[in-house]
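The structure file target.tsv is reproduced below (TSV, C-alpha atoms (C1' of nucleotides)).
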chain	number	residue	atom	x	y	z
A	26	MET	CA	23.07	-26.61	39.37
A	27	GLY	CA	20.72	-25.04	36.90
A	28	VAL	CA	20.19	-28.29	35.07
A	29	MET	CA	16.56	-28.95	34.32
A	30	ASP	CA	16.05	-32.09	32.30
A	31	ASP	CA	12.76	-33.30	30.88
A	32	ILE	CA	11.84	-35.18	34.03
A	33	ASP	CA	12.39	-32.14	36.22
A	34	SER	CA	10.26	-30.06	33.89
A	35	ALA	CA	7.54	-32.67	33.98
A	36	ILE	CA	7.62	-32.75	37.78
A	37	VAL	CA	7.35	-28.98	37.99
A	38	ARG	CA	4.47	-29.03	35.50
A	39	GLU	CA	2.62	-31.80	37.32
A	40	LEU	CA	3.01	-30.26	40.75
A	41	GLN	CA	1.72	-26.95	39.44
A	42	ARG	CA	-1.31	-28.80	38.14
A	43	ASP	CA	-1.90	-30.72	41.38
A	44	ALA	CA	0.43	-30.24	44.30
A	45	ARG	CA	-1.31	-32.86	46.42
A	46	GLN	CA	-1.05	-35.86	44.17
A	47	THR	CA	0.88	-38.62	45.86
A	48	ASN	CA	4.52	-39.17	45.15
A	49	ARG	CA	3.59	-42.63	43.89
A	50	ASP	CA	1.14	-41.27	41.35
A	51	LEU	CA	3.63	-38.66	40.25
A	52	ALA	CA	6.31	-41.33	39.84
A	53	ARG	CA	3.93	-43.55	37.90
A	54	ARG	CA	3.08	-40.71	35.51
A	55	LEU	CA	6.75	-40.08	34.81
A	56	ASN	CA	7.71	-43.75	34.64
A	57	ILE	CA	10.29	-43.50	37.37
A	58	ALA	CA	10.59	-45.13	40.79
A	59	PRO	CA	8.90	-43.37	43.75
A	60	SER	CA	12.23	-43.05	45.53
A	61	THR	CA	13.78	-41.39	42.51
A	62	CYS	CA	10.82	-39.10	42.17
A	63	LEU	CA	10.98	-38.11	45.82
A	64	GLU	CA	14.64	-37.33	45.50
A	65	ARG	CA	14.07	-35.10	42.49
A	66	VAL	CA	11.18	-33.24	44.06
A	67	ARG	CA	13.29	-32.55	47.11
A	68	ALA	CA	16.16	-31.37	44.95
A	69	LEU	CA	13.85	-29.00	43.07
A	70	ARG	CA	12.60	-27.63	46.38
A	71	ALA	CA	16.16	-27.31	47.73
A	72	ARG	CA	17.37	-25.61	44.55
A	73	GLY	CA	14.55	-23.11	44.88
A	74	VAL	CA	12.83	-24.03	41.64
A	75	ILE	CA	9.72	-25.03	43.57
A	76	THR	CA	9.14	-22.35	46.19
A	77	GLY	CA	6.09	-23.74	47.96
A	78	TYR	CA	2.75	-25.47	47.80
A	79	ARG	CA	-0.48	-23.54	48.15
A	80	ALA	CA	-4.17	-24.19	48.17
A	81	THR	CA	-6.09	-21.95	45.78
A	82	VAL	CA	-9.42	-20.58	46.91
A	83	ASP	CA	-12.63	-19.30	45.36
A	84	LEU	CA	-12.87	-15.57	46.02
A	85	ARG	CA	-16.67	-15.70	45.90
A	86	ALA	CA	-16.70	-18.33	48.63
A	87	LEU	CA	-14.61	-15.98	50.75
A	88	ASN	CA	-17.10	-13.15	50.23
A	89	ARG	CA	-14.90	-11.26	47.82
A	90	PRO	CA	-16.59	-11.45	44.41
A	91	VAL	CA	-15.61	-7.96	43.23
A	92	GLN	CA	-12.08	-7.49	41.93
A	93	ALA	CA	-10.39	-4.32	40.80
A	94	LEU	CA	-7.05	-2.95	39.71
A	95	LEU	CA	-5.83	0.24	41.31
A	96	THR	CA	-3.33	2.42	39.49
A	97	VAL	CA	-1.50	4.56	42.00
A	98	ARG	CA	1.04	7.34	41.63
A	99	ILE	CA	3.02	8.43	44.65
A	100	ARG	CA	5.37	11.31	45.40
A	101	PRO	CA	8.14	11.79	46.25
A	102	MET	CA	9.57	8.86	44.35
A	103	ASN	CA	12.28	7.58	46.65
A	104	ARG	CA	13.06	4.21	48.07
A	105	GLU	CA	11.78	4.96	51.55
A	106	VAL	CA	8.38	6.19	50.41
A	107	ILE	CA	7.97	3.26	48.06
A	108	GLU	CA	8.81	0.73	50.74
A	109	ARG	CA	6.52	2.37	53.26
A	110	PHE	CA	3.60	2.46	50.85
A	111	LYS	CA	4.24	-1.12	49.81
A	112	ALA	CA	4.21	-2.20	53.45
A	113	PHE	CA	0.94	-0.34	53.91
A	114	LEU	CA	-0.63	-2.14	50.96
A	115	THR	CA	0.62	-5.50	52.21
A	116	SER	CA	-1.17	-4.91	55.51
A	117	LEU	CA	-4.54	-4.45	53.79
A	118	PRO	CA	-6.55	-7.68	53.70
A	119	GLU	CA	-8.28	-6.56	50.50
A	120	VAL	CA	-5.01	-6.63	48.55
A	121	LEU	CA	-4.17	-9.73	46.52
A	122	SER	CA	-1.12	-8.56	44.63
A	123	ILE	CA	1.14	-5.53	44.34
A	124	TYR	CA	3.12	-4.59	41.24
A	125	VAL	CA	5.76	-1.86	41.36
A	126	VAL	CA	6.05	-0.78	37.76
A	127	ALA	CA	8.03	1.46	35.45
A	128	GLY	CA	6.33	4.17	33.44
A	129	GLY	CA	3.82	6.81	34.42
A	130	ASP	CA	2.16	4.74	37.10
A	131	ASP	CA	4.15	3.65	40.11
A	132	PHE	CA	1.96	0.97	41.67
A	133	LEU	CA	-0.63	-1.38	40.31
A	134	VAL	CA	-2.66	-3.11	43.00
A	135	HIS	CA	-4.98	-6.06	42.57
A	136	VAL	CA	-7.75	-6.09	45.18
A	137	ALA	CA	-10.78	-8.28	45.94
A	138	VAL	CA	-13.67	-6.97	48.03
A	139	PRO	CA	-17.24	-8.00	48.97
A	140	ASP	CA	-18.90	-5.30	46.86
A	141	VAL	CA	-18.29	-1.99	45.11
A	142	ASP	CA	-19.23	-0.04	48.23
A	143	ARG	CA	-16.35	-1.68	49.95
A	144	LEU	CA	-14.09	-0.83	47.03
A	145	HIS	CA	-15.13	2.79	47.29
A	146	ALA	CA	-14.58	2.75	51.04
A	147	LEU	CA	-11.13	1.24	50.55
A	148	LEU	CA	-10.14	4.06	48.21
A	149	MET	CA	-11.65	6.88	50.25
A	150	ASP	CA	-10.81	5.72	53.77
A	151	GLN	CA	-7.47	4.07	53.20
A	152	VAL	CA	-5.64	4.89	49.98
A	153	PHE	CA	-6.55	8.54	49.44
A	154	LYS	CA	-5.89	9.32	53.09
A	155	ARG	CA	-2.19	8.79	52.45
A	156	ARG	CA	-0.19	11.90	51.77
A	157	GLU	CA	2.20	10.21	49.34
A	158	VAL	CA	-0.67	9.27	47.02
A	159	VAL	CA	-0.99	11.89	44.33
A	160	ASP	CA	-3.28	9.96	42.01
A	161	CYS	CA	-5.29	6.77	42.06
A	162	ARG	CA	-7.61	5.31	39.49
A	163	SER	CA	-9.53	2.07	39.84
A	164	SER	CA	-10.76	-0.34	37.18
A	165	VAL	CA	-13.21	-3.10	37.92
A	166	ILE	CA	-12.06	-6.48	36.64
A	167	TYR	CA	-14.62	-8.27	34.50
A	168	GLN	CA	-12.61	-11.44	34.10
A	169	HIS	CA	-9.35	-12.77	35.42
A	170	VAL	CA	-7.66	-15.73	33.79
A	171	ALA	CA	-4.50	-17.08	35.39
A	172	ASN	CA	-2.14	-19.37	33.56
A	173	ASP	CA	-1.78	-22.01	36.26
A	174	ILE	CA	1.07	-23.89	34.69
A	175	ILE	CA	4.26	-21.94	34.13
A	176	GLU	CA	6.84	-23.60	31.92
A	177	ALA	CA	10.48	-22.76	31.47
A	178	LEU	CA	11.25	-20.78	28.33
A	179	PRO	CA	14.15	-21.66	26.01
A	180	PRO	CA	17.20	-19.35	26.22
A	181	ALA	CA	17.55	-17.96	22.72
A	182	GLY	CA	16.24	-19.42	19.46
A	183	SER	CA	13.01	-21.37	19.43
K	27	MET	CA	-23.99	-24.48	52.77
K	28	GLY	CA	-22.07	-21.25	52.94
K	29	VAL	CA	-21.23	-21.78	56.58
K	30	MET	CA	-17.59	-21.09	57.33
K	31	ASP	CA	-16.79	-21.42	61.00
K	32	ASP	CA	-13.47	-20.61	62.62
K	33	ILE	CA	-12.09	-24.08	62.01
K	34	ASP	CA	-12.90	-23.94	58.29
K	35	SER	CA	-11.25	-20.53	58.05
K	36	ALA	CA	-8.19	-21.85	59.84
K	37	ILE	CA	-8.00	-24.84	57.48
K	38	VAL	CA	-8.22	-22.59	54.44
K	39	ARG	CA	-5.56	-20.31	55.88
K	40	GLU	CA	-3.23	-23.18	56.74
K	41	LEU	CA	-3.56	-24.89	53.38
K	42	GLN	CA	-2.84	-21.64	51.61
K	43	ARG	CA	0.31	-21.37	53.67
K	44	ASP	CA	1.37	-24.96	53.01
K	45	ALA	CA	-0.78	-27.24	50.93
K	46	ARG	CA	1.44	-30.25	51.48
K	47	GLN	CA	1.44	-30.45	55.24
K	48	THR	CA	0.03	-33.75	56.38
K	49	ASN	CA	-3.54	-34.08	57.50
K	50	ARG	CA	-2.23	-35.14	60.89
K	51	ASP	CA	-0.18	-31.99	61.33
K	52	LEU	CA	-3.07	-29.86	60.20
K	53	ALA	CA	-5.39	-31.61	62.66
K	54	ARG	CA	-2.88	-31.18	65.45
K	55	ARG	CA	-2.58	-27.46	64.77
K	56	LEU	CA	-6.36	-27.04	64.96
K	57	ASN	CA	-6.81	-29.37	67.94
K	58	ILE	CA	-9.20	-31.69	66.15
K	59	ALA	CA	-9.02	-35.36	65.23
K	60	PRO	CA	-7.37	-36.27	61.90
K	61	SER	CA	-10.57	-37.92	60.69
K	62	THR	CA	-12.57	-34.79	61.44
K	63	CYS	CA	-9.98	-32.65	59.74
K	64	LEU	CA	-9.99	-34.83	56.67
K	65	GLU	CA	-13.75	-34.63	56.47
K	66	ARG	CA	-13.71	-30.85	56.67
K	67	VAL	CA	-10.98	-30.47	54.07
K	68	ARG	CA	-12.93	-32.68	51.69
K	69	ALA	CA	-16.10	-30.69	52.35
K	70	LEU	CA	-14.29	-27.43	51.61
K	71	ARG	CA	-13.03	-28.93	48.37
K	72	ALA	CA	-16.48	-30.26	47.46
K	73	ARG	CA	-18.14	-26.94	48.27
K	74	GLY	CA	-15.68	-25.21	45.99
K	75	VAL	CA	-14.07	-23.07	48.66
K	76	ILE	CA	-10.73	-24.73	47.98
K	77	THR	CA	-10.35	-24.96	44.21
K	78	GLY	CA	-7.02	-26.75	43.96
K	79	TYR	CA	-3.49	-27.25	45.19
K	80	ARG	CA	-0.57	-25.84	43.26
K	81	ALA	CA	3.18	-25.73	43.51
K	82	THR	CA	4.60	-22.24	43.18
K	83	VAL	CA	7.78	-21.78	41.18
K	84	ASP	CA	10.65	-19.34	40.95
K	85	LEU	CA	10.43	-17.48	37.65
K	86	ARG	CA	14.19	-16.93	37.58
K	87	ALA	CA	14.77	-20.67	37.84
K	88	LEU	CA	12.49	-21.12	34.83
K	89	ASN	CA	14.54	-18.61	32.83
K	90	ARG	CA	11.93	-15.87	33.06
K	91	PRO	CA	13.40	-13.14	35.26
K	92	VAL	CA	11.87	-10.20	33.39
K	93	GLN	CA	8.23	-9.41	34.09
K	94	ALA	CA	6.04	-6.79	32.49
K	95	LEU	CA	2.48	-5.58	32.37
K	96	LEU	CA	0.92	-5.00	28.97
K	97	THR	CA	-1.95	-2.58	28.62
K	98	VAL	CA	-3.90	-3.45	25.50
K	99	ARG	CA	-6.83	-1.80	23.76
K	100	ILE	CA	-8.70	-3.72	21.13
K	101	ARG	CA	-11.39	-2.85	18.59
K	102	PRO	CA	-14.16	-3.58	17.89
K	103	MET	CA	-15.27	-4.16	21.42
K	104	ASN	CA	-17.60	-7.10	21.15
K	105	ARG	CA	-17.83	-10.41	22.88
K	106	GLU	CA	-16.43	-12.43	20.01
K	107	VAL	CA	-13.32	-10.31	19.55
K	108	ILE	CA	-12.67	-10.26	23.27
K	109	GLU	CA	-12.96	-14.02	23.59
K	110	ARG	CA	-10.75	-14.61	20.57
K	111	PHE	CA	-8.06	-12.28	21.83
K	112	LYS	CA	-8.26	-13.81	25.30
K	113	ALA	CA	-7.82	-17.28	23.82
K	114	PHE	CA	-4.83	-16.01	21.86
K	115	LEU	CA	-3.23	-14.64	25.02
K	116	THR	CA	-3.90	-17.86	26.88
K	117	SER	CA	-1.99	-19.77	24.21
K	118	LEU	CA	1.16	-17.69	24.72
K	119	PRO	CA	3.60	-19.35	27.11
K	120	GLU	CA	4.94	-15.95	28.19
K	121	VAL	CA	1.59	-14.96	29.71
K	122	LEU	CA	1.06	-15.44	33.43
K	123	SER	CA	-2.25	-13.71	33.96
K	124	ILE	CA	-4.94	-11.91	31.96
K	125	TYR	CA	-7.23	-9.22	33.33
K	126	VAL	CA	-10.22	-8.00	31.35
K	127	VAL	CA	-10.90	-4.60	32.83
K	128	ALA	CA	-13.31	-1.70	32.71
K	129	GLY	CA	-12.16	1.78	31.79
K	130	GLY	CA	-9.98	3.03	28.97
K	131	ASP	CA	-7.88	-0.09	28.74
K	132	ASP	CA	-9.48	-3.37	27.79
K	133	PHE	CA	-6.83	-5.92	28.71
K	134	LEU	CA	-4.05	-5.99	31.21
K	135	VAL	CA	-1.61	-8.83	30.70
K	136	HIS	CA	1.07	-10.02	33.08
K	137	VAL	CA	3.99	-11.65	31.25
K	138	ALA	CA	7.33	-13.16	32.26
K	139	VAL	CA	10.14	-13.53	29.73
K	140	PRO	CA	13.85	-14.40	29.66
K	141	ASP	CA	14.99	-10.85	28.82
K	142	VAL	CA	13.81	-7.54	27.43
K	143	ASP	CA	14.67	-8.60	23.89
K	144	ARG	CA	12.17	-11.36	24.24
K	145	LEU	CA	9.61	-8.89	25.59
K	146	HIS	CA	10.15	-6.70	22.58
K	147	ALA	CA	9.86	-9.69	20.27
K	148	LEU	CA	6.63	-10.73	21.95
K	149	LEU	CA	5.10	-7.33	21.35
K	150	MET	CA	6.33	-6.93	17.80
K	151	ASP	CA	5.91	-10.45	16.50
K	152	GLN	CA	2.79	-11.53	18.35
K	153	VAL	CA	0.66	-8.80	19.89
K	154	PHE	CA	1.01	-5.98	17.37
K	155	LYS	CA	0.50	-8.40	14.50
K	156	ARG	CA	-3.13	-8.76	15.57
K	157	ARG	CA	-5.58	-6.59	13.73
K	158	GLU	CA	-7.87	-6.09	16.74
K	159	VAL	CA	-5.05	-4.51	18.74
K	160	VAL	CA	-5.28	-0.74	18.40
K	161	ASP	CA	-2.92	0.15	21.23
K	162	CYS	CA	-0.48	-1.58	23.51
K	163	ARG	CA	1.84	-0.18	26.12
K	164	SER	CA	4.22	-2.19	28.25
K	165	SER	CA	5.60	-1.48	31.71
K	166	VAL	CA	8.46	-3.44	33.19
K	167	ILE	CA	7.72	-4.73	36.69
K	168	TYR	CA	10.38	-3.82	39.26
K	169	GLN	CA	8.80	-5.78	42.10
K	170	HIS	CA	5.86	-8.11	42.48
K	171	VAL	CA	4.49	-8.94	45.93
K	172	ALA	CA	1.66	-11.45	46.16
K	173	ASN	CA	-0.46	-11.82	49.25
K	174	ASP	CA	-0.27	-15.57	49.60
K	175	ILE	CA	-2.95	-15.98	52.22
K	176	ILE	CA	-6.40	-14.77	51.28
K	177	GLU	CA	-8.87	-14.48	54.15
K	178	ALA	CA	-12.62	-14.12	54.03
K	179	LEU	CA	-13.85	-10.59	54.55
K	180	PRO	CA	-16.76	-9.74	56.89
K	181	PRO	CA	-20.06	-8.91	55.15
K	182	ALA	CA	-20.87	-5.38	56.28
K	183	GLY	CA	-19.52	-3.50	59.33
K	184	SER	CA	-16.05	-4.21	60.64
Q	30	DG	C1'	40.77	-50.18	25.65
Q	31	DC	C1'	40.24	-50.98	30.38
Q	32	DC	C1'	39.81	-49.73	35.04
Q	33	DT	C1'	37.70	-47.00	38.57
Q	34	DC	C1'	35.13	-43.40	40.39
Q	35	DT	C1'	30.86	-41.00	40.58
Q	36	DC	C1'	26.18	-40.43	40.32
Q	37	DG	C1'	21.48	-41.31	39.59
Q	38	DC	C1'	18.30	-44.75	39.78
Q	39	DC	C1'	15.99	-48.70	41.69
Q	40	DG	C1'	13.21	-51.76	44.89
Q	41	DA	C1'	12.47	-53.82	49.27
Q	42	DA	C1'	11.90	-52.82	54.13
Q	43	DC	C1'	10.36	-49.82	57.50
Q	44	DA	C1'	8.00	-45.76	59.34
Q	45	DT	C1'	4.36	-42.74	58.86
Q	46	DA	C1'	0.12	-41.09	57.16
Q	47	DA	C1'	-4.51	-41.38	54.85
Q	48	DT	C1'	-8.92	-43.31	55.09
Q	49	DT	C1'	-12.88	-45.96	56.73
Q	50	DC	C1'	-16.38	-46.91	59.88
Q	51	DG	C1'	-19.03	-47.89	63.96
Q	52	DG	C1'	-19.97	-45.63	68.10
Q	53	DT	C1'	-21.04	-41.50	71.04
Q	54	DG	C1'	-22.54	-37.18	72.58
Q	55	DA	C1'	-24.72	-32.71	71.74
Q	56	DC	C1'	-28.20	-30.15	69.83
Q	57	DT	C1'	-33.01	-29.66	67.57
Q	58	DG	C1'	-37.69	-30.11	66.96
Q	59	DC	C1'	-41.63	-32.06	68.52
W	9	DG	C1'	-38.59	-35.68	77.74
W	10	DC	C1'	-38.10	-38.27	73.58
W	11	DA	C1'	-36.36	-39.26	68.92
W	12	DG	C1'	-33.77	-37.91	65.06
W	13	DT	C1'	-29.80	-35.72	63.09
W	14	DC	C1'	-25.20	-34.42	62.70
W	15	DA	C1'	-20.50	-33.66	63.66
W	16	DC	C1'	-16.87	-35.55	65.91
W	17	DC	C1'	-13.89	-39.11	67.56
W	18	DG	C1'	-10.50	-43.19	67.79
W	19	DA	C1'	-9.07	-47.65	66.46
W	20	DA	C1'	-8.33	-50.65	62.56
W	21	DT	C1'	-7.17	-50.96	57.86
W	22	DT	C1'	-5.12	-49.53	53.77
W	23	DA	C1'	-2.01	-46.75	51.36
W	24	DT	C1'	1.85	-43.78	51.13
W	25	DG	C1'	6.29	-41.60	52.46
W	26	DT	C1'	11.03	-42.43	53.34
W	27	DT	C1'	15.43	-44.76	53.96
W	28	DC	C1'	19.16	-47.34	52.41
W	29	DG	C1'	22.14	-50.75	50.24
W	30	DG	C1'	23.27	-52.08	45.85
W	31	DC	C1'	23.46	-51.86	40.80
W	32	DG	C1'	24.65	-50.07	36.26
W	33	DA	C1'	25.75	-46.43	33.00
W	34	DG	C1'	28.84	-42.89	31.80
W	35	DA	C1'	33.18	-40.04	32.52
W	36	DG	C1'	37.84	-39.55	33.04
W	37	DG	C1'	42.46	-41.24	33.85
W	38	DC	C1'	46.09	-44.20	32.42
The structure in this file should be written as structure tokens.
Amino acid sequence: MGVMDDIDSAIVRELQRDARQTNRDLARRLNIAPSTCLERVRALRARGVITGYRATVDLRALNRPVQALLTVRIRPMNREVIERFKAFLTSLPEVLSIYVVAGGDDFLVHVAVPDVDRLHALLMDQVFKRREVVDCRSSVIYQHVANDIIEALPPAGS
Amino acid sequence: MGVMDDIDSAIVRELQRDARQTNRDLARRLNIAPSTCLERVRALRARGVITGYRATVDLRALNRPVQALLTVRIRPMNREVIERFKAFLTSLPEVLSIYVVAGGDDFLVHVAVPDVDRLHALLMDQVFKRREVVDCRSSVIYQHVANDIIEALPPAGS
DNA sequence: GCCTCTCGCCGAACATAATTCGGTGACTGC
DNA sequence: GCAGTCACCGAATTATGTTCGGCGAGAGGC
């Protein structure tokens, strides 16, 4: 099951780089037959290694040039409150990503908005209105660099 | 140039949901001709609204089930040091995403590793070895929810 | 050591989709 | 009302996805 040979790794790497390249091109790159390539891609999808294919967008083009990270603490800290607050965050269109973290802060929320006014409005009108929120700090993001290609890491020794 | 009508928005939404659906299916969904659809998709790509197409992967399948957020402060705070440290982070395979942020913390780094030992090793052997790092705290991530579909936000009033 | 079973790979044939391009209608500006 | 522009369309062409029968390497039994 969990076998991932070099060809599988290469497929995963290539499809992270460009998910829309044709199966023929992908096969050519890996020096295997298109039918073989197709079979492997489908197996990776079926095994859950590849979870989907998504277009990436330019946040500026979508009128959301300002990004920020919100650090939120909520109380009381129980499963129900966490799930409810997480569902609330998910429903906000401004939210890109939600991290539930250990340590002093409970939530870390990545948001993208048209301008800082809108960021302020988001905090005042939405987040701080919630009774479970006991603290929330926001940090504007100057730069965001995503590692687009995620490789498998070796188990133990390098 | 920056025109984004309802059809463009729908295309962007659909391709974020599934970047590999055929142009025909996409056209059928939007009730337009495949040739028209193709033209619009290419225009969105050319205009930079759509920046790419990527496969998404399961971190567990790639032997990286443990995620954490690193909060790093560096000194001195000048452009050169920041760029050098950012380049260093980019070179680490464990790193998924780098945020350069305002406020007390300078960097926030999202990492995914095989286990907590490896997280500890990353901090001790790589991050703390750097002279510009004056402080680094790590928080294990219990849950990470990404909003897969990013919509454009309206300019002013809702 | 040989036989056989299994499994992944291959390539040709077929089905489906991408892409091109000339034509058409709507809207704009004059 | 006339001409120019632009997006859209559909059919024809080109390219790709997908299936399937067979082949060969490697494993395991005897």
_For a quick test of understanding: name the residues of chain W lying within 12 Å of chain K when counting only C-alpha atoms (C1' of nucleotides), and present them as a count of residues only._
7
*Find the residues with any atom within 12 Å of (-5.7, 9.8, 40.9); use only C-alpha atoms (C1' of nucleotides) and the coordinates as given in the file, and write the answer as number ranges by chain.*
A: 95-99, 129-132, 148-149, 152-153, 157-164
*In the coordinates of the file, take the point (6.4, -40.3, 35.0) and a cut-off of 12 Å; then, counting all atoms listed in the file, name each qualifying protein, DNA or RNA residue as a PyMOL selection string.*
chain A and resi 31-39+48-59+61-63+65
*Can you work out the spacing between CA of Tyr124 (chain A) and CA of Ala177 (chain A) in Å, to one decimal?*
21.9 Å
*Enumerate as a PyMOL selection string the residues belonging to chain K that approach chain A to within 7 Å, with only C-alpha atoms taken into account.*
chain K and resi 41-46+74-84+87-90+121-129+140+165-173+177-179+181
Contacts of chain Q with chain A up to 9 Å, shortest pair per row, all atoms listed in the file, as a Markdown table:
| residue | atom | partner | partner_atom | distance |
| --- | --- | --- | --- | --- |
| Q:DG37 | C1' | A:Thr61 | CA | 8.2 |
| Q:DC38 | C1' | A:Thr61 | CA | 6.3 |
| Q:DC39 | C1' | A:Ala58 | CA | 6.5 |
| Q:DG40 | C1' | A:Ala58 | CA | 8.2 |
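Going from C1' of DG30 (chain Q) to C1' of DG32 (chain W) covers 19.3 Å.
Picture a line from C1' of DA33 (chain W) to CA of Asp30 (chain A); it runs 17.3 Å.
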*Near DC31 (chain Q), within 12 Å and counting only C-alpha atoms (C1' of nucleotides), which residues show up once chain neighbours fewer than 6 positions away are dropped, as number ranges by chain?*
W: 36-38
Just the selected residues (C-alpha atoms (C1' of nucleotides)), exported as a PDB file, keeping the file's coordinate frame, please.
ATOM      1  C1'  DG W  36      37.840 -39.550  33.040  1.00  0.00           C
ATOM      2  C1'  DG W  37      42.460 -41.240  33.850  1.00  0.00           C
ATOM      3  C1'  DC W  38      46.090 -44.200  32.420  1.00  0.00           C
TER       4       DC W  38
END
